[in-house]
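Visitor: So that you have it, the file is protein.pdb, and it contains PDB, C-alpha atoms:
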```pdb
ATOM      1  CA  ALA A   1      85.813 100.114 133.009
ATOM      2  CA  VAL A   2      82.728 100.644 135.159
ATOM      3  CA  LEU A   3      80.601 101.212 132.058
ATOM      4  CA  VAL A   4      81.814  97.974 130.475
ATOM      5  CA  MET A   5      81.366  95.925 133.627
ATOM      6  CA  ARG A   6      77.876  97.302 134.329
ATOM      7  CA  GLU A   7      76.360  97.590 130.854
ATOM      8  CA  VAL A   8      78.219  95.023 128.780
ATOM      9  CA  LEU A   9      79.040  92.345 131.320
ATOM     10  CA  GLN A  10      75.863  93.086 133.326
ATOM     11  CA  TRP A  11      77.630  93.024 136.706
ATOM     12  CA  LYS A  12      75.797  94.386 139.725
ATOM     13  CA  ALA A  13      77.068  97.634 141.224
ATOM     14  CA  ALA A  14      78.269  95.798 144.329
ATOM     15  CA  GLU A  15      80.274  93.335 142.197
ATOM     16  CA  VAL A  16      81.939  96.178 140.311
ATOM     17  CA  ALA A  17      82.654  97.959 143.588
ATOM     18  CA  ASP A  18      84.404  94.847 144.934
ATOM     19  CA  ALA A  19      86.376  94.412 141.711
ATOM     20  CA  ILE A  20      87.721  97.975 141.611
ATOM     21  CA  GLY A  21      87.945  98.622 145.340
ATOM     22  CA  ALA A  22      85.324 101.349 145.509
ATOM     23  CA  SER A  23      81.950 101.891 147.145
ATOM     24  CA  THR A  24      78.682 101.092 145.414
ATOM     25  CA  ALA A  25      77.830 104.801 145.456
ATOM     26  CA  ALA A  26      81.135 105.588 143.724
ATOM     27  CA  VAL A  27      80.410 102.944 141.071
ATOM     28  CA  ASN A  28      76.974 104.448 140.399
ATOM     29  CA  SER A  29      78.493 107.918 140.164
ATOM     30  CA  LEU A  30      81.200 106.707 137.790
ATOM     31  CA  LEU A  31      78.599 104.977 135.645
ATOM     32  CA  GLN A  32      76.508 108.139 135.438
ATOM     33  CA  ARG A  33      79.565 110.196 134.404
ATOM     34  CA  ALA A  34      80.636 107.574 131.860
ATOM     35  CA  ARG A  35      77.183 107.586 130.269
ATOM     36  CA  ALA A  36      77.263 111.401 130.060
ATOM     37  CA  GLN A  37      80.725 111.372 128.454
ATOM     38  CA  LEU A  38      79.673 108.690 125.999
ATOM     39  CA  GLU A  39      76.561 110.666 125.061
ATOM     40  CA  ALA A  40      78.630 113.842 124.589
ATOM     41  CA  ALA A  41      81.162 112.042 122.384
ATOM     42  CA  ASN A  42      78.608 110.056 120.414
ATOM     43  CA  PRO A  43      78.325 111.469 116.882
ATOM     44  CA  LYS A  44      74.757 111.988 115.809
ATOM     45  CA  GLN A  45      73.544 110.952 112.398
ATOM     46  CA  ASP A  46      72.374 114.034 110.494
ATOM     47  CA  GLY A  47      69.432 112.191 109.013
ATOM     48  CA  PRO A  48      68.481 108.860 107.595
ATOM     49  CA  ILE A  49      71.188 107.137 105.596
ATOM     50  CA  VAL A  50      70.240 106.629 101.974
ATOM     51  CA  ALA A  51      70.556 103.191 100.353
ATOM     52  CA  PRO A  52      73.843 102.660  98.473
ATOM     53  CA  GLU A  53      72.098 101.926  95.175
ATOM     54  CA  SER A  54      69.815 104.974  95.371
ATOM     55  CA  PRO A  55      70.334 107.709  92.786
ATOM     56  CA  GLU A  56      71.150 110.173  95.601
ATOM     57  CA  ALA A  57      73.896 107.967  97.034
ATOM     58  CA  GLN A  58      75.340 107.195  93.611
ATOM     59  CA  HIS A  59      75.379 110.884  92.682
ATOM     60  CA  MET A  60      77.074 111.833  95.963
ATOM     61  CA  LEU A  61      79.623 109.016  95.567
ATOM     62  CA  SER A  62      80.357 110.233  92.026
ATOM     63  CA  ARG A  63      80.925 113.774  93.299
ATOM     64  CA  TYR A  64      83.133 112.466  96.135
ATOM     65  CA  ILE A  65      85.276 110.421  93.750
ATOM     66  CA  ALA A  66      85.505 113.258  91.229
ATOM     67  CA  ALA A  67      86.638 115.744  93.884
ATOM     68  CA  PHE A  68      89.360 113.423  95.155
ATOM     69  CA  GLU A  69      90.564 112.384  91.698
ATOM     70  CA  ALA A  70      90.751 116.066  90.663
ATOM     71  CA  TYR A  71      92.483 116.847  93.982
ATOM     72  CA  ASP A  72      89.858 119.554  94.494
ATOM     73  CA  ILE A  73      89.702 119.712  98.282
ATOM     74  CA  ASP A  74      87.410 122.760  98.309
ATOM     75  CA  ARG A  75      84.841 120.841  96.243
ATOM     76  CA  LEU A  76      85.298 117.818  98.532
ATOM     77  CA  VAL A  77      84.654 119.906 101.666
ATOM     78  CA  GLU A  78      81.299 121.053 100.217
ATOM     79  CA  LEU A  79      80.033 117.449 100.231
ATOM     80  CA  PHE A  80      80.233 116.978 104.012
ATOM     81  CA  THR A  81      77.558 117.779 106.573
ATOM     82  CA  ALA A  82      78.393 120.272 109.325
ATOM     83  CA  GLU A  83      79.006 117.485 111.862
ATOM     84  CA  ALA A  84      80.667 115.024 109.473
ATOM     85  CA  ILE A  85      83.154 112.559 110.953
ATOM     86  CA  TRP A  86      86.280 111.150 109.276
ATOM     87  CA  GLU A  87      88.179 108.259 110.801
ATOM     88  CA  MET A  88      91.007 106.035 109.554
ATOM     89  CA  PRO A  89      91.371 102.733 111.381
ATOM     90  CA  PRO A  90      93.794 101.636 112.763
ATOM     91  CA  PHE A  91      94.514 105.253 113.805
ATOM     92  CA  ASP A  92      92.391 106.335 116.750
ATOM     93  CA  SER A  93      92.056 110.007 115.712
ATOM     94  CA  TRP A  94      88.734 111.364 114.491
ATOM     95  CA  TYR A  95      88.203 114.511 112.475
ATOM     96  CA  ARG A  96      84.919 116.354 112.841
ATOM     97  CA  GLY A  97      83.529 118.916 110.441
ATOM     98  CA  PRO A  98      84.198 119.724 106.804
ATOM     99  CA  GLN A  99      87.064 122.123 107.515
ATOM    100  CA  ALA A 100      88.992 119.625 109.654
ATOM    101  CA  ILE A 101      88.451 116.919 107.043
ATOM    102  CA  GLY A 102      89.633 119.289 104.308
ATOM    103  CA  ASP A 103      92.725 120.242 106.300
ATOM    104  CA  LEU A 104      93.518 116.568 106.839
ATOM    105  CA  SER A 105      93.186 115.896 103.113
ATOM    106  CA  ARG A 106      95.300 118.917 102.170
ATOM    107  CA  HIS A 107      98.130 118.377 104.635
ATOM    108  CA  LYS A 108      98.326 114.665 105.468
ATOM    109  CA  CYS A 109      97.269 112.907 102.278
ATOM    110  CA  PRO A 110     100.245 111.705 100.209
ATOM    111  CA  ALA A 111      98.552 112.912  96.998
ATOM    112  CA  GLU A 112      99.878 116.164  95.617
ATOM    113  CA  LYS A 113      97.913 116.748  92.441
ATOM    114  CA  ALA A 114      95.085 115.609  90.208
ATOM    115  CA  GLY A 115      95.674 112.090  88.943
ATOM    116  CA  ASP A 116      97.517 110.869  92.041
ATOM    117  CA  MET A 117      94.343 109.108  93.247
ATOM    118  CA  ARG A 118      91.979 106.785  91.428
ATOM    119  CA  PHE A 119      88.902 105.032  92.782
ATOM    120  CA  ILE A 120      86.755 101.994  92.095
ATOM    121  CA  ARG A 121      83.164 102.021  93.355
ATOM    122  CA  THR A 122      81.959  99.252  95.625
ATOM    123  CA  THR A 123      79.720  98.744  98.643
ATOM    124  CA  ALA A 124      80.617  97.741 102.175
ATOM    125  CA  ASN A 125      78.320  97.114 105.135
ATOM    126  CA  ASP A 126      75.392  98.003 102.857
ATOM    127  CA  GLN A 127      76.847 101.492 102.347
ATOM    128  CA  PRO A 128      78.426 103.183  99.324
ATOM    129  CA  ALA A 129      82.172 102.698  99.294
ATOM    130  CA  ALA A 130      85.151 103.510  97.128
ATOM    131  CA  ALA A 131      88.504 101.768  96.875
ATOM    132  CA  LEU A 132      91.292 104.350  96.734
ATOM    133  CA  TYR A 133      94.411 103.648  94.714
ATOM    134  CA  MET A 134      97.349 106.009  95.291
ATOM    135  CA  ARG A 135      99.988 106.590  92.620
ATOM    136  CA  SER A 136     103.376 105.266  93.729
ATOM    137  CA  PRO A 137     106.076 107.932  93.256
ATOM    138  CA  GLU A 138     108.580 105.182  92.455
ATOM    139  CA  THR A 139     106.639 103.221  89.832
ATOM    140  CA  GLY A 140     103.832 105.557  88.761
ATOM    141  CA  VAL A 141     101.387 102.682  89.297
ATOM    142  CA  HIS A 142      98.234 103.274  91.339
ATOM    143  CA  GLU A 143      98.411 100.852  94.267
ATOM    144  CA  ALA A 144      95.735  99.791  96.774
ATOM    145  CA  PHE A 145      95.713 102.342  99.588
ATOM    146  CA  GLN A 146      92.394 102.778 101.467
ATOM    147  CA  LEU A 147      88.826 101.560 101.407
ATOM    148  CA  HIS A 148      86.411 104.457 102.039
ATOM    149  CA  VAL A 149      82.989 103.561 103.449
ATOM    150  CA  LEU A 150      80.552 106.481 103.371
ATOM    151  CA  ALA A 151      77.405 107.263 105.306
ATOM    152  CA  ILE A 152      75.352 109.466 103.006
ATOM    153  CA  GLY A 153      72.252 111.270 104.177
ATOM    154  CA  SER A 154      69.846 113.552 102.384
ATOM    155  CA  ASP A 155      72.036 116.578 103.178
ATOM    156  CA  GLY A 156      75.473 115.159 102.373
ATOM    157  CA  ILE A 157      78.190 112.845 103.600
ATOM    158  CA  SER A 158      77.993 112.469 107.357
ATOM    159  CA  HIS A 159      80.690 109.878 108.031
ATOM    160  CA  VAL A 160      83.653 108.341 106.235
ATOM    161  CA  VAL A 161      85.648 105.417 107.541
ATOM    162  CA  ALA A 162      88.831 105.178 105.477
ATOM    163  CA  PHE A 163      90.236 101.746 106.262
ATOM    164  CA  MET A 164      94.028 101.825 105.976
ATOM    165  CA  ASP A 165      94.277  98.136 105.126
ATOM    166  CA  PRO A 166      95.152  97.255 101.509
ATOM    167  CA  SER A 167      94.541  93.563 102.294
ATOM    168  CA  LEU A 168      90.809  94.400 102.244
ATOM    169  CA  PHE A 169      90.986  94.914  98.480
ATOM    170  CA  GLU A 170      91.418  91.191  97.820
ATOM    171  CA  LYS A 171      88.463  90.411 100.115
ATOM    172  CA  PHE A 172      86.315  92.755  98.018
ATOM    173  CA  GLY A 173      87.534  91.191  94.760
ATOM    174  CA  LEU A 174      89.435  94.361  93.863
ATOM    175  CA  PRO A 175      92.799  94.443  92.099
ATOM    176  CA  ALA A 176      95.968  95.276  94.061
ATOM    177  CA  SER A 177      96.898  97.958  91.521
ATOM    178  CA  LEU A 178      95.527  99.842  88.529
TER
END
```
Could you write out this file's structure as structure tokens?
Guide:
Amino acid sequence: AVLVMREVLQWKAAEVADAIGASTAAVNSLLQRARAQLEAANPKQDGPIVAPESPEAQHMLSRYIAAFEAYDIDRLVELFTAEAIWEMPPFDSWYRGPQAIGDLSRHKCPAEKAGDMRFIRTTANDQPAAALYMRSPETGVHEAFQLHVLAIGSDGISHVVAFMDPSLFEKFGLPASL
């Protein structure tokens, strides 16, 4: 709260102190600790992000899609940088590192075998992206499931945001099912 009031709302330390019932010195100390925690939690980009239309990004996106569609988690894990981050809004959990991302994909993904997932390439936020369609066990039809937005650097995939919101597919002009 102190960080937001001081750095976002631009309140003076004395104003924050009055608002939270603390001394100005305590507010300054809390702000210093909050900045340190934020810096420690802040994921670092492994290198410059490559443009989505670049041959490097397109090749990496192709490998990413192929690994998922083949349900080859070991091959997928090889694509991530050592400090890669995976997140799935609206869930607030983050997964860091290729092994954690692989474990998530192996144990929490509803896919069970090759062919359960299909993708369509797109871009989002000027980054390579892929729309994931998951095969419905009831109908056998691949239905809109997640929109994956990738940050790709020269040494691999450094960040994936897998939006768990099938309503995004319509906004991207993508079909609801394949």
Visitor: Can you turn the PyMOL selection byres ((chain A and resi 86-92) around 7) into a concrete residue list for this file, as a compact mmCIF listing (two decimals) with C-alpha atoms, in the coordinates of the input?
Guide:
```
# COMPACT_ATOMS: atom_id res chain seq x y z
CA ALA A 84 80.67 115.02 109.47
CA ILE A 85 83.15 112.56 110.95
CA SER A 93 92.06 110.01 115.71
CA TRP A 94 88.73 111.36 114.49
CA TYR A 95 88.20 114.51 112.48
CA ARG A 96 84.92 116.35 112.84
CA ILE A 101 88.45 116.92 107.04
CA HIS A 159 80.69 109.88 108.03
CA VAL A 160 83.65 108.34 106.24
CA VAL A 161 85.65 105.42 107.54
CA ALA A 162 88.83 105.18 105.48
CA PHE A 163 90.24 101.75 106.26
CA MET A 164 94.03 101.82 105.98
```
Visitor: Just give me the gap between atom CA of A:Ala82 and atom CA of A:Ser158 in Å, one decimal is fine.
Guide: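 Atom-to-atom, atom CA of A:Ala82 to atom CA of A:Ser158, that is 8.1 Å.
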Visitor: Skipping near chain neighbours, those fewer than 2 positions away, what residues fall within 12 Å of stretch 57-63 of chain A using only C-alpha atoms, listed as a VMD selection string?
Guide: chain A and resid 48 to 55 65 to 73 75 to 80 119 to 123 126 to 131 148 to 158 160
Visitor: Could you list the residues chosen by the PyMOL selection byres ((chain A and resi 167) around 12) in this structure as a compact mmCIF listing (two decimals) with C-alpha atoms, in the coordinates of the input?
Guide:
```
# COMPACT_ATOMS: atom_id res chain seq x y z
CA ALA A 131 88.50 101.77 96.88
CA GLU A 143 98.41 100.85 94.27
CA ALA A 144 95.74 99.79 96.77
CA PHE A 145 95.71 102.34 99.59
CA GLN A 146 92.39 102.78 101.47
CA LEU A 147 88.83 101.56 101.41
CA PHE A 163 90.24 101.75 106.26
CA MET A 164 94.03 101.82 105.98
CA ASP A 165 94.28 98.14 105.13
CA PRO A 166 95.15 97.26 101.51
CA LEU A 168 90.81 94.40 102.24
CA PHE A 169 90.99 94.91 98.48
CA GLU A 170 91.42 91.19 97.82
CA LYS A 171 88.46 90.41 100.12
CA PHE A 172 86.32 92.76 98.02
CA GLY A 173 87.53 91.19 94.76
CA LEU A 174 89.44 94.36 93.86
CA PRO A 175 92.80 94.44 92.10
CA ALA A 176 95.97 95.28 94.06
CA SER A 177 96.90 97.96 91.52
```
Visitor: Would you mind reading off the distance between atom CA of A:Met117 and atom CA of A:Pro98, one decimal, in Å?
Guide: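 So the answer is 20.0 Å.
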Visitor: Could you add the missing atoms to stretch 122-144 of chain A, up to N, CA, C and O atoms, and return them as a compact mmCIF listing (two decimals), in the coordinates of the input?
Guide:
```txt
# COMPACT_ATOMS: atom_id res chain seq x y z
N THR A 122 82.38 100.53 95.06
CA THR A 122 81.96 99.25 95.62
C THR A 122 80.93 99.54 96.71
O THR A 122 80.48 100.68 96.85
N THR A 123 80.54 98.55 97.45
CA THR A 123 79.72 98.74 98.64
C THR A 123 80.34 97.95 99.77
O THR A 123 81.02 96.95 99.54
N ALA A 124 80.11 98.42 100.98
CA ALA A 124 80.62 97.74 102.18
C ALA A 124 79.63 98.00 103.30
O ALA A 124 79.17 99.14 103.49
N ASN A 125 79.28 96.98 104.03
CA ASN A 125 78.32 97.11 105.14
C ASN A 125 77.03 97.78 104.68
O ASN A 125 76.46 98.60 105.39
N ASP A 126 76.61 97.46 103.46
CA ASP A 126 75.39 98.00 102.86
C ASP A 126 75.44 99.53 102.77
O ASP A 126 74.43 100.21 102.92
N GLN A 127 76.65 100.06 102.52
CA GLN A 127 76.85 101.49 102.35
C GLN A 127 77.69 101.70 101.10
O GLN A 127 78.48 100.84 100.71
N PRO A 128 77.55 102.88 100.47
CA PRO A 128 78.43 103.18 99.32
C PRO A 128 79.87 103.21 99.79
O PRO A 128 80.17 103.68 100.89
N ALA A 129 80.75 102.73 98.95
CA ALA A 129 82.17 102.70 99.29
C ALA A 129 82.99 102.93 98.03
O ALA A 129 82.49 102.79 96.91
N ALA A 130 84.24 103.28 98.24
CA ALA A 130 85.15 103.51 97.13
C ALA A 130 86.54 103.04 97.53
O ALA A 130 87.03 103.37 98.61
N ALA A 131 87.14 102.25 96.65
CA ALA A 131 88.50 101.77 96.88
C ALA A 131 89.47 102.80 96.29
O ALA A 131 89.39 103.12 95.10
N LEU A 132 90.33 103.32 97.14
CA LEU A 132 91.29 104.35 96.73
C LEU A 132 92.62 103.71 96.36
O LEU A 132 93.20 102.94 97.14
N TYR A 133 93.10 104.07 95.19
CA TYR A 133 94.41 103.65 94.71
C TYR A 133 95.28 104.89 94.61
O TYR A 133 94.90 105.88 93.96
N MET A 134 96.44 104.87 95.26
CA MET A 134 97.35 106.01 95.29
C MET A 134 98.52 105.73 94.35
O MET A 134 99.09 104.63 94.36
N ARG A 135 98.87 106.74 93.55
CA ARG A 135 99.99 106.59 92.62
C ARG A 135 101.29 106.48 93.41
O ARG A 135 101.59 107.30 94.27
N SER A 136 102.07 105.44 93.11
CA SER A 136 103.38 105.27 93.73
C SER A 136 104.37 106.21 93.07
O SER A 136 104.49 106.22 91.84
N PRO A 137 105.09 107.03 93.86
CA PRO A 137 106.08 107.93 93.26
C PRO A 137 107.21 107.18 92.57
O PRO A 137 107.81 107.68 91.63
N GLU A 138 107.49 105.97 93.03
CA GLU A 138 108.58 105.18 92.46
C GLU A 138 108.21 104.55 91.11
O GLU A 138 108.99 104.58 90.17
N THR A 139 107.01 103.98 91.03
CA THR A 139 106.64 103.22 89.83
C THR A 139 105.62 103.93 88.96
O THR A 139 105.47 103.57 87.79
N GLY A 140 104.89 104.90 89.51
CA GLY A 140 103.83 105.56 88.76
C GLY A 140 102.54 104.75 88.69
O GLY A 140 101.56 105.19 88.13
N VAL A 141 102.55 103.56 89.29
CA VAL A 141 101.39 102.68 89.30
C VAL A 141 100.49 103.07 90.47
O VAL A 141 100.97 103.38 91.55
N HIS A 142 99.19 103.03 90.26
CA HIS A 142 98.23 103.27 91.34
C HIS A 142 98.06 101.99 92.13
O HIS A 142 97.62 100.97 91.58
N GLU A 143 98.43 102.03 93.40
CA GLU A 143 98.41 100.85 94.27
C GLU A 143 97.31 100.97 95.32
O GLU A 143 96.97 102.08 95.76
N ALA A 144 96.77 99.83 95.75
CA ALA A 144 95.74 99.79 96.77
C ALA A 144 96.21 100.59 97.99
O ALA A 144 97.33 100.43 98.46
```
